[in-house]
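**Student:** This is target-v5.txt, which holds compact mmCIF, C-alpha atoms:
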```txt
# COMPACT_ATOMS: atom_id res chain seq x y z
CA MET A 1464 -24.45 -105.55 22.01
CA SER A 1465 -25.67 -107.30 18.88
CA GLN A 1466 -27.51 -105.62 16.03
CA THR A 1467 -30.66 -107.31 17.26
CA GLY A 1468 -30.07 -105.74 20.66
CA LEU A 1469 -29.77 -102.34 19.05
CA GLU A 1470 -32.92 -102.95 17.01
CA ARG A 1471 -34.71 -103.65 20.27
CA LEU A 1472 -33.43 -100.40 21.79
CA LEU A 1473 -34.47 -98.52 18.65
CA GLY A 1474 -37.85 -100.21 18.62
CA HIS A 1475 -37.46 -100.94 14.92
CA ASP A 1476 -37.02 -104.40 13.45
CA PHE A 1477 -35.18 -103.97 10.13
CA THR A 1478 -36.50 -105.86 7.11
CA ASN A 1479 -33.17 -105.12 5.42
CA GLY A 1480 -30.55 -105.53 8.13
CA GLN A 1481 -27.82 -104.41 5.71
CA LEU A 1482 -29.12 -100.89 6.07
CA LEU A 1483 -28.43 -100.89 9.79
CA THR A 1484 -24.97 -102.35 9.23
CA GLN A 1485 -24.22 -99.61 6.72
CA ALA A 1486 -25.54 -96.92 9.06
CA LEU A 1487 -23.03 -98.08 11.67
CA THR A 1488 -20.10 -98.10 9.25
CA HIS A 1489 -17.76 -95.11 9.36
CA ARG A 1490 -16.06 -94.01 6.15
CA SER A 1491 -12.69 -95.04 7.61
CA HIS A 1492 -13.88 -98.66 7.53
CA SER A 1493 -15.14 -99.22 4.00
CA ALA A 1494 -16.53 -97.67 0.85
CA ARG A 1495 -20.01 -98.86 1.76
CA ASN A 1496 -20.29 -96.46 4.68
CA ASN A 1497 -22.88 -94.26 6.34
CA GLU A 1498 -22.19 -90.89 4.69
CA ARG A 1499 -25.06 -90.93 2.21
CA LEU A 1500 -27.45 -92.34 4.81
CA GLU A 1501 -26.42 -89.54 7.15
CA PHE A 1502 -27.33 -86.98 4.46
CA LEU A 1503 -30.76 -88.57 4.08
CA GLY A 1504 -31.26 -89.01 7.83
CA ASP A 1505 -30.43 -85.39 8.49
CA GLY A 1506 -33.28 -84.31 6.20
CA VAL A 1507 -35.71 -86.83 7.67
CA LEU A 1508 -34.84 -85.85 11.24
CA ASN A 1509 -35.22 -82.13 10.55
CA CYS A 1510 -38.62 -82.68 9.00
CA ILE A 1511 -39.91 -84.85 11.82
CA ILE A 1512 -38.64 -82.52 14.54
CA ALA A 1513 -40.17 -79.55 12.71
CA ASN A 1514 -43.53 -81.34 12.69
CA GLN A 1515 -43.28 -82.37 16.34
CA LEU A 1516 -42.55 -78.80 17.39
CA PHE A 1517 -45.28 -77.44 15.11
CA GLN A 1518 -47.83 -79.77 16.71
CA ARG A 1519 -46.69 -79.43 20.33
CA PHE A 1520 -46.25 -75.66 20.42
CA SER A 1521 -49.23 -74.38 18.52
CA LYS A 1522 -48.75 -70.77 19.60
CA LEU A 1523 -45.01 -70.46 19.11
CA PRO A 1524 -43.86 -68.14 16.33
CA GLU A 1525 -41.63 -69.39 13.54
CA GLY A 1526 -38.42 -67.90 14.96
CA ASP A 1527 -38.79 -69.77 18.23
CA LEU A 1528 -39.63 -73.00 16.43
CA SER A 1529 -36.43 -72.64 14.39
CA ARG A 1530 -34.42 -72.01 17.52
CA LEU A 1531 -35.87 -75.08 19.22
CA ARG A 1532 -35.26 -77.23 16.19
CA ALA A 1533 -31.65 -76.09 15.93
CA HIS A 1534 -31.18 -77.10 19.57
CA LEU A 1535 -32.70 -80.55 19.04
CA VAL A 1536 -30.76 -81.50 15.93
CA LYS A 1537 -27.37 -80.09 16.86
CA GLU A 1538 -24.42 -82.37 17.36
CA PRO A 1539 -24.28 -82.42 21.18
CA THR A 1540 -27.96 -83.40 21.38
CA LEU A 1541 -27.55 -86.15 18.78
CA CYS A 1542 -24.43 -87.32 20.55
CA GLU A 1543 -26.27 -87.56 23.87
CA ILE A 1544 -28.94 -89.76 22.29
CA ALA A 1545 -26.28 -91.87 20.55
CA GLN A 1546 -24.59 -92.44 23.88
CA ARG A 1547 -27.88 -93.50 25.47
CA LEU A 1548 -28.08 -96.13 22.72
CA GLN A 1549 -24.42 -97.08 23.27
CA LEU A 1550 -23.82 -96.63 19.56
CA GLY A 1551 -20.08 -96.23 20.14
CA ASP A 1552 -19.74 -99.94 20.86
CA MET A 1553 -21.50 -100.86 17.63
CA LEU A 1554 -19.59 -98.67 15.17
CA LYS A 1555 -17.44 -100.16 12.46
CA LEU A 1556 -14.34 -98.02 12.20
CA GLY A 1557 -11.06 -98.24 10.32
CA GLU A 1558 -8.02 -99.18 12.34
CA GLY A 1559 -6.66 -95.64 12.58
CA GLU A 1560 -9.97 -94.24 13.79
CA LEU A 1561 -10.31 -97.08 16.25
CA LYS A 1562 -6.93 -96.33 17.79
CA SER A 1563 -7.57 -92.62 18.00
CA GLY A 1564 -10.87 -93.23 19.80
CA GLY A 1565 -13.15 -92.32 16.90
CA TRP A 1566 -16.01 -94.28 18.52
CA ARG A 1567 -16.32 -91.61 21.19
CA ARG A 1568 -15.98 -88.57 18.92
CA PRO A 1569 -19.22 -86.57 19.05
CA SER A 1570 -19.34 -85.99 15.28
CA VAL A 1571 -18.91 -89.70 14.55
CA LEU A 1572 -21.66 -90.65 17.00
CA ALA A 1573 -24.03 -87.93 15.79
CA ASP A 1574 -23.50 -88.92 12.14
CA ALA A 1575 -24.21 -92.57 12.91
CA LEU A 1576 -27.47 -91.67 14.65
CA GLU A 1577 -28.60 -89.60 11.67
CA ALA A 1578 -27.62 -92.47 9.38
CA ILE A 1579 -29.76 -94.86 11.45
CA ILE A 1580 -32.73 -92.52 11.05
CA GLY A 1581 -32.10 -92.48 7.29
CA ALA A 1582 -31.83 -96.28 7.28
CA VAL A 1583 -35.18 -96.69 9.06
CA PHE A 1584 -36.77 -94.29 6.58
CA LEU A 1585 -35.49 -96.39 3.68
CA ASP A 1586 -36.38 -99.65 5.38
CA ALA A 1587 -39.96 -98.82 6.29
CA GLY A 1588 -40.93 -95.29 5.24
CA PHE A 1589 -41.70 -91.96 6.84
CA ILE A 1590 -44.16 -93.16 9.48
CA ALA A 1591 -41.66 -95.69 10.84
CA ALA A 1592 -38.90 -93.07 10.92
CA GLU A 1593 -41.26 -90.70 12.68
CA ALA A 1594 -42.12 -93.30 15.30
CA LEU A 1595 -38.39 -93.85 15.91
CA VAL A 1596 -37.58 -90.16 16.23
CA VAL A 1597 -40.51 -89.61 18.57
CA ARG A 1598 -39.33 -92.51 20.77
CA LEU A 1599 -35.78 -91.16 20.87
CA TYR A 1600 -36.79 -87.56 21.45
CA THR A 1601 -39.78 -87.83 23.78
CA PRO A 1602 -37.76 -87.09 26.95
CA LEU A 1603 -36.19 -84.07 25.25
CA LEU A 1604 -39.44 -82.81 23.74
CA GLU A 1605 -41.19 -83.07 27.09
CA ALA A 1606 -38.41 -81.23 28.89
CA ILE A 1607 -38.48 -78.25 26.56
CA ASP A 1608 -39.00 -74.87 28.08
CA PRO A 1609 -39.78 -72.93 24.90
CA LYS A 1610 -38.76 -69.69 26.56
CA SER A 1611 -35.19 -70.50 27.36
CA ILE A 1612 -33.91 -73.48 25.39
CA GLY A 1613 -31.83 -72.85 22.34
CA LYS A 1614 -30.84 -69.44 23.63
CA ASP A 1615 -27.22 -69.36 24.58
CA ALA A 1616 -26.14 -68.66 28.12
CA LYS A 1617 -24.67 -65.25 27.29
CA SER A 1618 -27.99 -64.10 25.83
CA LEU A 1619 -29.96 -65.46 28.77
CA LEU A 1620 -27.65 -63.76 31.23
CA GLN A 1621 -27.83 -60.50 29.32
CA GLU A 1622 -31.65 -60.57 29.26
CA TYR A 1623 -31.75 -61.37 32.96
CA LEU A 1624 -29.51 -58.42 33.80
CA GLN A 1625 -31.23 -56.00 31.43
CA GLY A 1626 -34.58 -56.90 32.96
CA ARG A 1627 -33.15 -55.77 36.29
CA LYS A 1628 -31.31 -52.74 34.91
CA ILE A 1629 -27.95 -54.15 35.94
CA ALA A 1630 -24.88 -53.32 33.83
CA LEU A 1631 -23.84 -56.12 31.46
CA PRO A 1632 -21.13 -58.59 32.44
CA GLU A 1633 -17.51 -58.25 31.42
CA TYR A 1634 -15.70 -61.23 29.96
CA THR A 1635 -11.93 -61.42 30.42
CA VAL A 1636 -9.58 -64.07 29.12
CA THR A 1637 -7.41 -64.98 32.11
CA ALA A 1638 -5.26 -67.61 30.41
CA THR A 1639 -4.74 -69.59 27.24
CA GLU A 1640 -2.96 -72.90 27.56
CA GLY A 1641 -1.85 -75.69 25.25
CA GLU A 1642 -0.68 -75.74 21.66
CA ALA A 1643 -2.37 -74.17 18.68
CA HIS A 1644 -4.40 -77.23 17.63
CA CYS A 1645 -5.85 -77.88 21.09
CA GLN A 1646 -5.87 -74.72 23.12
CA LEU A 1647 -7.69 -74.22 26.37
CA PHE A 1648 -9.14 -70.81 27.08
CA LYS A 1649 -9.95 -69.61 30.59
CA VAL A 1650 -12.38 -66.76 30.98
CA ASP A 1651 -13.83 -64.80 33.89
CA CYS A 1652 -17.33 -63.37 33.73
CA THR A 1653 -17.64 -60.41 36.07
CA ILE A 1654 -20.84 -58.62 37.10
CA PRO A 1655 -19.48 -55.74 39.18
CA LYS A 1656 -22.78 -54.57 40.63
CA LEU A 1657 -23.53 -58.03 42.01
CA LYS A 1658 -19.91 -58.67 43.04
CA LEU A 1659 -20.17 -61.91 41.11
CA VAL A 1660 -17.27 -63.54 39.28
CA THR A 1661 -17.64 -66.89 37.56
CA HIS A 1662 -15.10 -68.86 35.64
CA GLY A 1663 -15.34 -70.80 32.40
CA GLU A 1664 -13.07 -72.97 30.26
CA GLY A 1665 -13.31 -74.20 26.72
CA SER A 1666 -11.53 -74.93 23.48
CA SER A 1667 -12.42 -71.49 22.16
CA ARG A 1668 -12.86 -68.12 23.72
CA ARG A 1669 -16.54 -68.25 22.87
CA ALA A 1670 -17.03 -71.63 24.54
CA ALA A 1671 -15.24 -70.48 27.67
CA GLU A 1672 -17.39 -67.35 27.82
CA GLN A 1673 -20.54 -69.42 27.44
CA GLN A 1674 -19.54 -71.65 30.31
CA ALA A 1675 -18.75 -68.69 32.55
CA ALA A 1676 -22.06 -67.04 31.59
CA GLU A 1677 -23.99 -70.23 32.25
CA ARG A 1678 -22.51 -70.51 35.75
CA ALA A 1679 -23.39 -66.90 36.48
CA TYR A 1680 -26.93 -67.37 35.17
CA GLN A 1681 -27.41 -70.50 37.24
CA GLN A 1682 -26.19 -68.82 40.41
CA LEU A 1683 -28.46 -65.84 39.84
CA THR A 1684 -31.58 -67.80 38.98
CA ALA A 1685 -31.01 -70.33 41.77
CA THR A 1686 -30.97 -67.62 44.40
CA SER A 1687 -33.54 -65.22 42.99
CA MET B 690 -57.11 -67.49 -10.38
CA SER B 691 -59.32 -69.08 -7.74
CA GLN B 692 -58.08 -71.35 -4.95
CA THR B 693 -59.61 -74.23 -6.83
CA GLY B 694 -57.57 -73.25 -9.87
CA LEU B 695 -54.42 -73.28 -7.78
CA GLU B 696 -55.36 -76.66 -6.31
CA ARG B 697 -55.62 -77.98 -9.84
CA LEU B 698 -52.17 -76.61 -10.70
CA LEU B 699 -50.76 -78.12 -7.53
CA GLY B 700 -52.49 -81.42 -8.21
CA HIS B 701 -53.73 -81.51 -4.62
CA ASP B 702 -57.35 -81.16 -3.57
CA PHE B 703 -57.37 -79.80 -0.01
CA THR B 704 -59.68 -81.46 2.51
CA ASN B 705 -59.14 -78.42 4.73
CA GLY B 706 -59.12 -75.44 2.38
CA GLN B 707 -58.33 -73.12 5.30
CA LEU B 708 -54.80 -74.47 5.25
CA LEU B 709 -54.26 -73.27 1.69
CA THR B 710 -55.75 -69.88 2.53
CA GLN B 711 -53.38 -69.58 5.47
CA ALA B 712 -50.40 -70.64 3.35
CA LEU B 713 -51.15 -67.77 0.99
CA THR B 714 -51.47 -65.19 3.77
CA HIS B 715 -48.47 -62.94 4.40
CA ARG B 716 -47.78 -61.74 7.93
CA SER B 717 -48.56 -58.18 6.83
CA HIS B 718 -52.17 -59.25 6.25
CA SER B 719 -53.24 -60.96 9.45
CA ALA B 720 -52.16 -62.81 12.55
CA ARG B 721 -53.27 -66.10 11.03
CA ASN B 722 -50.48 -66.05 8.45
CA ASN B 723 -48.11 -68.48 6.76
CA GLU B 724 -45.00 -68.13 8.93
CA ARG B 725 -45.41 -71.31 10.94
CA LEU B 726 -46.49 -73.27 7.89
CA GLU B 727 -43.37 -72.03 6.12
CA PHE B 728 -41.22 -73.38 8.97
CA LEU B 729 -42.90 -76.77 8.64
CA GLY B 730 -42.83 -76.75 4.84
CA ASP B 731 -39.13 -75.96 4.80
CA GLY B 732 -38.42 -79.12 6.79
CA VAL B 733 -40.76 -81.25 4.68
CA LEU B 734 -39.27 -79.93 1.42
CA ASN B 735 -35.68 -80.53 2.55
CA CYS B 736 -36.49 -84.06 3.52
CA ILE B 737 -38.27 -84.90 0.28
CA ILE B 738 -35.56 -83.35 -1.88
CA ALA B 739 -32.90 -85.23 0.10
CA ASN B 740 -34.72 -88.47 -0.59
CA GLN B 741 -35.23 -87.70 -4.29
CA LEU B 742 -31.53 -86.97 -4.72
CA PHE B 743 -30.55 -90.01 -2.69
CA GLN B 744 -32.68 -92.24 -4.93
CA ARG B 745 -31.80 -90.64 -8.26
CA PHE B 746 -28.06 -90.32 -7.78
CA SER B 747 -27.11 -93.57 -6.16
CA LYS B 748 -23.37 -93.08 -6.64
CA LEU B 749 -23.06 -89.46 -5.61
CA PRO B 750 -21.14 -88.76 -2.40
CA GLU B 751 -22.74 -86.91 0.48
CA GLY B 752 -21.00 -83.59 -0.27
CA ASP B 753 -22.41 -83.46 -3.80
CA LEU B 754 -25.88 -84.40 -2.59
CA SER B 755 -25.75 -81.53 -0.09
CA ARG B 756 -24.66 -79.14 -2.79
CA LEU B 757 -27.49 -80.22 -5.09
CA ARG B 758 -30.03 -79.96 -2.32
CA ALA B 759 -28.88 -76.47 -1.41
CA HIS B 760 -29.36 -75.47 -5.04
CA LEU B 761 -32.86 -76.92 -5.21
CA VAL B 762 -34.21 -75.39 -2.02
CA LYS B 763 -32.65 -71.96 -2.26
CA GLU B 764 -34.80 -68.89 -2.65
CA PRO B 765 -34.32 -68.24 -6.39
CA THR B 766 -35.31 -71.82 -7.23
CA LEU B 767 -38.38 -71.67 -4.99
CA CYS B 768 -39.27 -68.31 -6.46
CA GLU B 769 -39.05 -69.67 -10.00
CA ILE B 770 -41.51 -72.45 -9.13
CA ALA B 771 -43.80 -69.99 -7.33
CA GLN B 772 -43.87 -67.83 -10.46
CA ARG B 773 -44.74 -70.83 -12.61
CA LEU B 774 -47.75 -71.31 -10.31
CA GLN B 775 -48.54 -67.58 -10.45
CA LEU B 776 -48.61 -67.51 -6.67
CA GLY B 777 -48.08 -63.75 -6.66
CA ASP B 778 -51.66 -63.18 -7.83
CA MET B 779 -53.03 -65.35 -5.03
CA LEU B 780 -51.18 -63.87 -2.06
CA LYS B 781 -53.03 -62.07 0.70
CA LEU B 782 -50.89 -59.09 1.68
CA GLY B 783 -51.34 -56.10 3.94
CA GLU B 784 -51.93 -52.78 2.25
CA GLY B 785 -48.38 -51.51 2.69
CA GLU B 786 -46.88 -54.69 1.24
CA LEU B 787 -49.35 -54.60 -1.61
CA LYS B 788 -48.35 -51.06 -2.56
CA SER B 789 -44.65 -51.78 -2.33
CA GLY B 790 -45.03 -54.79 -4.64
CA GLY B 791 -44.58 -57.48 -1.99
CA TRP B 792 -46.32 -60.02 -4.23
CA ARG B 793 -43.32 -60.07 -6.54
CA ARG B 794 -40.62 -60.12 -3.84
CA PRO B 795 -38.66 -63.37 -4.15
CA SER B 796 -38.61 -64.03 -0.40
CA VAL B 797 -42.38 -63.58 -0.12
CA LEU B 798 -43.01 -65.94 -3.03
CA ALA B 799 -40.53 -68.54 -1.81
CA ASP B 800 -42.00 -68.49 1.70
CA ALA B 801 -45.53 -68.95 0.35
CA LEU B 802 -44.44 -71.97 -1.68
CA GLU B 803 -42.82 -73.56 1.37
CA ALA B 804 -45.98 -72.81 3.35
CA ILE B 805 -48.09 -74.57 0.70
CA ILE B 806 -45.87 -77.64 1.00
CA GLY B 807 -46.35 -77.53 4.77
CA ALA B 808 -50.10 -77.14 4.30
CA VAL B 809 -50.32 -80.20 2.03
CA PHE B 810 -48.30 -82.18 4.58
CA LEU B 811 -50.78 -81.25 7.32
CA ASP B 812 -53.78 -81.79 5.07
CA ALA B 813 -52.88 -85.23 3.79
CA GLY B 814 -49.55 -86.46 5.16
CA PHE B 815 -46.04 -87.12 3.95
CA ILE B 816 -46.90 -89.15 0.84
CA ALA B 817 -49.17 -86.40 -0.49
CA ALA B 818 -46.52 -83.75 0.18
CA GLU B 819 -43.96 -85.94 -1.55
CA ALA B 820 -46.18 -86.32 -4.60
CA LEU B 821 -46.59 -82.54 -4.75
CA VAL B 822 -42.88 -81.81 -4.43
CA VAL B 823 -42.04 -84.41 -7.08
CA ARG B 824 -44.59 -82.84 -9.46
CA LEU B 825 -43.19 -79.36 -8.87
CA TYR B 826 -39.55 -80.41 -9.09
CA THR B 827 -39.54 -83.03 -11.83
CA PRO B 828 -38.33 -80.63 -14.56
CA LEU B 829 -35.55 -79.42 -12.26
CA LEU B 830 -34.57 -82.88 -11.07
CA GLU B 831 -34.37 -84.14 -14.62
CA ALA B 832 -32.26 -81.21 -15.76
CA ILE B 833 -29.63 -81.72 -13.06
CA ASP B 834 -26.09 -82.19 -14.18
CA PRO B 835 -24.62 -83.47 -10.92
CA LYS B 836 -21.14 -82.50 -12.02
CA SER B 837 -21.67 -78.79 -12.39
CA ILE B 838 -24.78 -77.56 -10.64
CA GLY B 839 -24.39 -75.88 -7.30
CA LYS B 840 -20.72 -75.32 -7.93
CA ASP B 841 -19.95 -71.68 -8.23
CA ALA B 842 -18.56 -70.25 -11.43
CA LYS B 843 -15.14 -69.47 -9.95
CA SER B 844 -14.69 -73.12 -8.93
CA LEU B 845 -15.86 -74.37 -12.33
CA LEU B 846 -13.50 -72.03 -14.12
CA GLN B 847 -10.62 -73.02 -11.87
CA GLU B 848 -11.24 -76.73 -12.46
CA TYR B 849 -11.48 -76.17 -16.19
CA LEU B 850 -8.15 -74.33 -16.28
CA GLN B 851 -6.37 -76.75 -13.93
CA GLY B 852 -7.49 -79.64 -16.12
CA ARG B 853 -5.66 -77.94 -19.02
CA LYS B 854 -2.66 -76.84 -16.95
CA ILE B 855 -3.43 -73.17 -17.58
CA ALA B 856 -2.50 -70.64 -14.89
CA LEU B 857 -5.45 -69.52 -12.74
CA PRO B 858 -7.36 -66.33 -13.55
CA GLU B 859 -6.65 -63.02 -11.91
CA TYR B 860 -9.53 -60.98 -10.54
CA THR B 861 -9.11 -57.21 -10.38
CA VAL B 862 -11.56 -54.68 -9.04
CA THR B 863 -11.69 -51.97 -11.71
CA ALA B 864 -14.23 -49.69 -10.01
CA THR B 865 -16.58 -49.33 -7.06
CA GLU B 866 -19.51 -47.00 -7.47
CA GLY B 867 -22.41 -45.80 -5.37
CA GLU B 868 -22.84 -45.23 -1.67
CA ALA B 869 -22.00 -47.56 1.17
CA HIS B 870 -25.43 -49.20 1.44
CA CYS B 871 -25.76 -49.97 -2.26
CA GLN B 872 -22.36 -50.23 -3.84
CA LEU B 873 -21.64 -51.58 -7.28
CA PHE B 874 -18.41 -53.48 -7.78
CA LYS B 875 -16.83 -53.93 -11.21
CA VAL B 876 -14.32 -56.70 -11.66
CA ASP B 877 -12.19 -58.00 -14.52
CA CYS B 878 -11.29 -61.65 -14.77
CA THR B 879 -8.09 -62.11 -16.74
CA ILE B 880 -6.64 -65.35 -18.06
CA PRO B 881 -3.31 -64.19 -19.52
CA LYS B 882 -2.42 -67.38 -21.36
CA LEU B 883 -5.69 -67.34 -23.28
CA LYS B 884 -5.65 -63.58 -23.73
CA LEU B 885 -9.16 -63.57 -22.28
CA VAL B 886 -10.61 -60.75 -20.20
CA THR B 887 -14.20 -60.81 -19.01
CA HIS B 888 -16.06 -58.31 -16.96
CA GLY B 889 -18.49 -58.71 -14.05
CA GLU B 890 -20.59 -56.45 -11.85
CA GLY B 891 -22.37 -57.01 -8.58
CA SER B 892 -23.31 -55.65 -5.20
CA SER B 893 -20.27 -57.28 -3.63
CA ARG B 894 -16.80 -58.03 -4.82
CA ARG B 895 -17.58 -61.71 -4.62
CA ALA B 896 -20.72 -61.39 -6.73
CA ALA B 897 -18.86 -59.37 -9.37
CA GLU B 898 -16.07 -61.97 -9.49
CA GLN B 899 -18.61 -64.75 -9.92
CA GLN B 900 -20.22 -62.99 -12.85
CA ALA B 901 -16.87 -62.36 -14.52
CA ALA B 902 -15.87 -66.00 -13.94
CA GLU B 903 -19.18 -67.25 -15.32
CA ARG B 904 -18.72 -65.27 -18.51
CA ALA B 905 -15.18 -66.59 -18.94
CA TYR B 906 -16.34 -70.15 -18.31
CA GLN B 907 -19.17 -69.82 -20.80
CA GLN B 908 -16.87 -68.44 -23.48
CA LEU B 909 -14.35 -71.20 -22.94
CA THR B 910 -16.84 -74.05 -22.87
CA ALA B 911 -18.81 -72.69 -25.83
CA THR B 912 -15.73 -72.66 -28.05
CA SER B 913 -13.92 -75.76 -26.81
```
Step by step, read the file and then write its structure as structure tokens.
**Tutor:**
Amino acid sequence: MSQTGLERLLGHDFTNGQLLTQALTHRSHSARNNERLEFLGDGVLNCIIANQLFQRFSKLPEGDLSRLRAHLVKEPTLCEIAQRLQLGDMLKLGEGELKSGGWRRPSVLADALEAIIGAVFLDAGFIAAEALVVRLYTPLLEAIDPKSIGKDAKSLLQEYLQGRKIALPEYTVTATEGEAHCQLFKVDCTIPKLKLVTHGEGSSRRAAEQQAAERAYQQLTATS
Amino acid sequence: MSQTGLERLLGHDFTNGQLLTQALTHRSHSARNNERLEFLGDGVLNCIIANQLFQRFSKLPEGDLSRLRAHLVKEPTLCEIAQRLQLGDMLKLGEGELKSGGWRRPSVLADALEAIIGAVFLDAGFIAAEALVVRLYTPLLEAIDPKSIGKDAKSLLQEYLQGRKIALPEYTVTATEGEAHCQLFKVDCTIPKLKLVTHGEGSSRRAAEQQAAERAYQQLTATS
């Protein structure tokens, strides 16, 4: 894809195309990279998302708004949007990063997306950046269920069980595999009273527990 | 001071004065309070400060910009500005908060200032909010020494000593007083080669060490 193609996807025609080039440049590639733009874009994105949530959910208390915002600006969400835009193909990376697959690393993709938001802000101001963020986030904003999103699976599962006076689940590590720098944890989530056992895996104990909890929660809410 | 007086100090004339009233209303006073505005204002402030720093310090790397921003938006800084505006006198608090001196609590003052920034954003848009933040922050932005601010005293002291090839300071807890929920730690910071010992106190070991380090750093930089 060309930069013009990306501009079309973004819905923003850069007056200063250099800004977009810089936003796509990883620090491994050159000194004129996207780190400062990412800093700016992060602030711009947070502000715009805060305003969107404030306007859309006029009854929601501050704590819930914060929770929703955290969900919308966290790395996996940014990475998902970056993948939709196929940003990975457009990144300028140093040779080492290129070989190690830096173009598909979530942090690299998320940073580039934030940098693009910063670049649009510099190129055309707040209103243009807002229009971009709204375009990118509309599907996510419309899909929000303010009650559940942002809460982690373990909390959701716990609330579900407490509401039904069922004893809380037990999490057990069943295996850890791999070397120290890239371990894989396997965890079982057991709810004795419901005779339910689900399994989760992840690069940390916490991540594995979350996955196991999510599977349990999905099974319970699908059948209830 | 009247609301009009405050508007004059802020340099913003509200079209919808209700927004300012709400920004000054603590949750202890009524349901229509400033909590949601504070959420919005926090995002708006972060974004504007990020942009100001980005523009003013065109060579500063992302990490330093983040550090400076954190310093400028943290509670004590917000509280200082709120005091300059005498916001405490204008707050609407519930009776309990009023009696317990809520109008001088740093978190209450800082939240109200963020809520005012959110209120101006809603009243007149991003450019008006930016103008307000720039007015409030100009003295602080101009006083920034990007090399030192935001760095903690222990780091500054360490860098100072390393630059002169002097062995690093030793921190020793000399006493802990008080009960578990409000302990006081006393710490000595010793730099043997310079025969310098300074003393610090705080509600945590870390805080006491910082104070001791700050005093050592001040003594060294005042005499060097």
**Student:** Give as number ranges by chain every residue of chain B that touches chain A within 6 Å, counting all atoms listed in the file.
**Tutor:** B: 724-725, 729, 732-733, 735-736, 739, 751
**Student:** Do a neighbour search on Lys884 of chain B at 12 Å with all atoms listed in the file, toss out local chain neighbours closer than 2 positions, and write the hits as a PyMOL selection string.
**Tutor:** chain B and resi 855-856+858-859+878-882+886-887+905+909
**Student:** If you keep C-alpha atoms, can you produce a file of those selected residues as a short mmCIF file (atom, residue, chain, number, x, y, z; two decimals), keeping the file's coordinate frame?
**Tutor:**
```
data_model
loop_
_atom_site.label_atom_id
_atom_site.label_comp_id
_atom_site.auth_asym_id
_atom_site.auth_seq_id
_atom_site.Cartn_x
_atom_site.Cartn_y
_atom_site.Cartn_z
CA ILE B 855 -3.43 -73.17 -17.58
CA ALA B 856 -2.50 -70.64 -14.89
CA PRO B 858 -7.36 -66.33 -13.55
CA GLU B 859 -6.65 -63.02 -11.91
CA CYS B 878 -11.29 -61.65 -14.77
CA THR B 879 -8.09 -62.11 -16.74
CA ILE B 880 -6.64 -65.35 -18.06
CA PRO B 881 -3.31 -64.19 -19.52
CA LYS B 882 -2.42 -67.38 -21.36
CA VAL B 886 -10.61 -60.75 -20.20
CA THR B 887 -14.20 -60.81 -19.01
CA ALA B 905 -15.18 -66.59 -18.94
CA LEU B 909 -14.35 -71.20 -22.94
#
```
**Student:** Taking into account all atoms listed in the file, which residue in the set A:Pro1569, A:Val1536, A:Met1464, A:Val1583 is nearest to Thr1478 of chain A?
**Tutor:**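 That would be A:Val1583, the residue with the smallest distance to Thr1478 of chain A.
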**Student:** Can you work out which one of A:Leu1604, A:Leu1556, A:Leu1576, A:Ala1638 has the shortest atom-to-atom distance to Ser1666 of chain A, counting only C-alpha atoms?
**Tutor:**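 Among the listed residues, the smallest separation from Ser1666 of chain A belongs to A:Ala1638.
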**Student:** Out of A:Ala1592, A:Asp1651, A:Gly1626, A:Arg1532, which residue has the shortest atom-to-atom distance to Phe1520 of chain A when counting all atoms listed in the file?
**Tutor:**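 For Phe1520 of chain A, the nearest of the candidates is A:Arg1532.
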**Student:** Quick one: residues within 8 Å of segment 1546-1550 of chain A, all atoms listed in the file counted, chain neighbours fewer than 2 positions away excluded, as a ChimeraX atom specification?
**Tutor:** /A:1469,1472-1473,1542-1544,1552-1554,1572,1575-1576
**Student:** For N, CA, C and O atoms, please extract segment 1465-1470 of chain A from the block and return it as a PDB file, in the first residue's frame.
**Tutor:**
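Listing of out15.pdb after writing:
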```
ATOM      1  N   SER A1465       0.479   2.249  -0.721  1.00  0.00           N
ATOM      2  CA  SER A1465       1.222   3.516  -0.737  1.00  0.00           C
ATOM      3  C   SER A1465       0.749   4.398   0.411  1.00  0.00           C
ATOM      4  O   SER A1465      -0.265   4.115   1.040  1.00  0.00           O
ATOM      5  N   GLN A1466       1.496   5.490   0.650  1.00  0.00           N
ATOM      6  CA  GLN A1466       1.051   6.423   1.689  1.00  0.00           C
ATOM      7  C   GLN A1466      -0.295   7.031   1.322  1.00  0.00           C
ATOM      8  O   GLN A1466      -1.128   7.276   2.182  1.00  0.00           O
ATOM      9  N   THR A1467      -0.486   7.257   0.033  1.00  0.00           N
ATOM     10  CA  THR A1467      -1.771   7.809  -0.408  1.00  0.00           C
ATOM     11  C   THR A1467      -2.903   6.823  -0.101  1.00  0.00           C
ATOM     12  O   THR A1467      -3.992   7.222   0.317  1.00  0.00           O
ATOM     13  N   GLY A1468      -2.614   5.542  -0.284  1.00  0.00           N
ATOM     14  CA  GLY A1468      -3.604   4.523   0.047  1.00  0.00           C
ATOM     15  C   GLY A1468      -3.957   4.559   1.524  1.00  0.00           C
ATOM     16  O   GLY A1468      -5.129   4.488   1.908  1.00  0.00           O
ATOM     17  N   LEU A1469      -2.939   4.710   2.341  1.00  0.00           N
ATOM     18  CA  LEU A1469      -3.177   4.786   3.790  1.00  0.00           C
ATOM     19  C   LEU A1469      -3.974   6.041   4.141  1.00  0.00           C
ATOM     20  O   LEU A1469      -4.894   6.005   4.960  1.00  0.00           O
ATOM     21  N   GLU A1470      -3.616   7.155   3.490  1.00  0.00           N
ATOM     22  CA  GLU A1470      -4.359   8.405   3.734  1.00  0.00           C
ATOM     23  C   GLU A1470      -5.839   8.215   3.416  1.00  0.00           C
ATOM     24  O   GLU A1470      -6.707   8.719   4.125  1.00  0.00           O
TER      25      GLU A1470
END
```
